[in-house]
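Below: one structure, written as structure tokens.
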Amino acid sequence: MTGFAPDSRLVAKVVPSPNQTPRAGHGRPDMIVLHYTGMTSADDALDRLCSVSAQVSSHYLVFEDARVFQLVPEALRASHAGVSSWEGETDINSRSIGIEIANPGHDGGYPDFPDGQIDAVIALCRDILARRPMRADRVVAHSDVAPSRKNDPGEKFPWQRLHAAGIGLWVEPAPLGDDRGLARGDHGPAVAALQSSLAAYGYGVAAGGRFDQAMHDVVVAFQRHFRPARVDGIADRSTIETLQRLLAARGAC
């Protein structure tokens with residue numbers, strides 16, 4: 001696999017992954033998807049992202065010590081999102097730039113992200129957005145686009161800090177309460193209205209008015225990203241109000 005010129009001045013090293021293909025149907029990416037690696041070490045993650053047999057890759061890998069490696073040119077399609085959807089689109093890999101952030105994840109103790117690593121992610125995202133302007137709400141989590149399969153980068157990821165640096169969309173979460181909320185097994189107009197609001201923001205949730213397992217997974221994904229103080233899959237008043245605040249903020253952009 002031959003090398004290539006890095007797209008970002010922040011790249012410390014280019015390590016080409018063989019798992020890259022032309023983007024299908026899109027002249028340029030219009031999303032950024034953030035992941036954690038979910039592996040014991042960043043070096044193990046790098047090996048996997050460059051393994052022919054693994055058939056996965058990302059455009060960038062950000063190490064705990066803030067080094068940034070580029071594995072796939074931004075003009076090409078990396079295999080990072082898997083089976084996923086956002087705003088009705090299902091080939092998220094063709095639309096997006098994938099950034100893997102070294103962290104062992106929930107199965108590995110889920111440590112905090114080091115400040116320097118987050119500074120590097122912020123700088124990289126700002127660099128990408130300067131070259132490839134996109135809507136704020138198109139910077140998403142892996143769990144947003146694949147809620148029933150993935151939970152990264154998780155509730156410890158500092159989305160508010162990214163938003164303060166001009167990356168992504170964030171609102172102050174509505175205060176927690178003790179209301180029952182909507183949960184698995186519920187059905188009716190209130191569930192249907194919530195499904196419509198989640199779909200309006202971009203989540204791949206089907207209308208129908210039934211709070212099934214798939215709906216639970218979407219609510220969990222939403223909470224991990226936007227209401228991380230309590231991630232339980234129950235659509236309480238805080239969750240629903242936070243979603244409405246997001247929709248209003250996006251409309252005001």
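To be explicit about the labels: the chains of the structure tokens are called A, B, and onward in the order shown, and within each one the residues are counted from 1, while ligands get numbers from 1 in the order they are shown.
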
Residues of segment 5-121 of chain A in helix (DSSP H, G or I), written as a PyMOL selection string: chain A and resi 42-49+92-95+106-108+115-121

Write the residues of the selection above to a file with C-alpha atoms, as a compact mmCIF listing (two decimals), in the first residue's frame.
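Saved the output as selection.txt:
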# COMPACT_ATOMS: atom_id res chain seq x y z
CA ALA A 42 -3.98 2.42 20.30
CA ASP A 43 -1.32 0.29 18.59
CA ASP A 44 -3.69 -2.68 18.58
CA ALA A 45 -6.38 -0.45 17.10
CA LEU A 46 -3.97 0.79 14.43
CA ASP A 47 -3.12 -2.78 13.47
CA ARG A 48 -6.79 -3.65 13.15
CA LEU A 49 -7.64 -0.53 11.15
CA ILE A 92 -22.77 6.77 6.03
CA ASN A 93 -19.25 5.71 5.06
CA SER A 94 -19.61 7.43 1.70
CA ARG A 95 -20.84 10.64 3.32
CA HIS A 106 -17.01 0.44 28.06
CA ASP A 107 -15.72 -3.13 27.92
CA GLY A 108 -12.25 -1.97 28.93
CA ASP A 115 -7.38 16.60 27.93
CA GLY A 116 -4.57 16.64 25.39
CA GLN A 117 -6.29 14.00 23.31
CA ILE A 118 -9.51 16.02 23.25
CA ASP A 119 -7.52 19.13 22.31
CA ALA A 120 -6.16 17.15 19.36
CA VAL A 121 -9.64 15.98 18.34

Surrounding residues of segment 26-35 of chain A excluding itself and chain neighbours under 2 positions, 10 Å, only C-alpha atoms, as a PyMOL selection string: chain A and resi 22-24+37-38+58+60-61+74-77+80-81+86+92-103+105+121+125+128-129+132-145+150-154+157+168

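Those residues in segment 24-171 of chain A carrying a DSSP assignment of strand (DSSP E or B), computed from the backbone, are Met31, Ile32, Val33, Leu34, His35, Tyr36, Tyr60, Leu61, Val62, Val68, Phe69, Gln70, Leu76, Arg77, Ala78, Trp86, Glu89, Ser96, Ile97, Gly98, Ile99, Glu100, Ile101, Val139, Val140 and Ala141 of chain A.
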
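The smallest atom-to-atom distance between Leu246 of chain A and any of A:Asp91, A:Glu172, A:Glu155, A:Asp127, using only C-alpha atoms, is found for A:Glu172.
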
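Here atom CA of Ala200 of chain A and atom CA of Arg245 of chain A stand 12.8 Å from one another.
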
Separation of atom CA of Phe222 of chain A from atom CA of Gly177 of chain A, in Å and rounded to one decimal: 17.2 Å

Hey, what's within 7 Å of Ala78 of chain A if we count only C-alpha atoms and toss same-chain stuff fewer than 4 positions away? As an mmCIF file with N, CA and C atoms, in the first residue's frame, please?
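Now in part-v9.cif:
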data_model
loop_
_atom_site.group_PDB
_atom_site.id
_atom_site.type_symbol
_atom_site.label_atom_id
_atom_site.label_comp_id
_atom_site.auth_asym_id
_atom_site.auth_seq_id
_atom_site.Cartn_x
_atom_site.Cartn_y
_atom_site.Cartn_z
ATOM 1 N N ASN A 19 -8.030 -0.695 3.490
ATOM 2 C CA ASN A 19 -9.492 -0.745 3.486
ATOM 3 C C ASN A 19 -10.074 0.614 3.116
ATOM 4 N N GLN A 20 -9.975 0.930 1.847
ATOM 5 C CA GLN A 20 -10.466 2.196 1.317
ATOM 6 C C GLN A 20 -11.006 1.979 -0.083
ATOM 7 N N THR A 21 -12.062 2.682 -0.405
ATOM 8 C CA THR A 21 -12.724 2.560 -1.703
ATOM 9 C C THR A 21 -13.218 3.945 -2.129
ATOM 10 N N SER A 57 -11.613 0.473 8.764
ATOM 11 C CA SER A 57 -10.634 1.551 8.673
ATOM 12 C C SER A 57 -11.295 2.841 9.123
ATOM 13 N N SER A 58 -10.490 3.864 9.282
ATOM 14 C CA SER A 58 -11.004 5.211 9.522
ATOM 15 C C SER A 58 -10.058 6.175 8.830
ATOM 16 N N HIS A 59 -10.505 7.402 8.699
ATOM 17 C CA HIS A 59 -9.621 8.391 8.089
ATOM 18 C C HIS A 59 -8.503 8.790 9.042
ATOM 19 N N VAL A 72 -6.587 6.917 5.792
ATOM 20 C CA VAL A 72 -7.313 6.933 4.521
ATOM 21 C C VAL A 72 -7.434 8.383 4.071
ATOM 22 N N ASN A 93 -20.676 5.702 5.398
ATOM 23 C CA ASN A 93 -19.251 5.709 5.065
ATOM 24 C C ASN A 93 -18.950 6.590 3.855
#
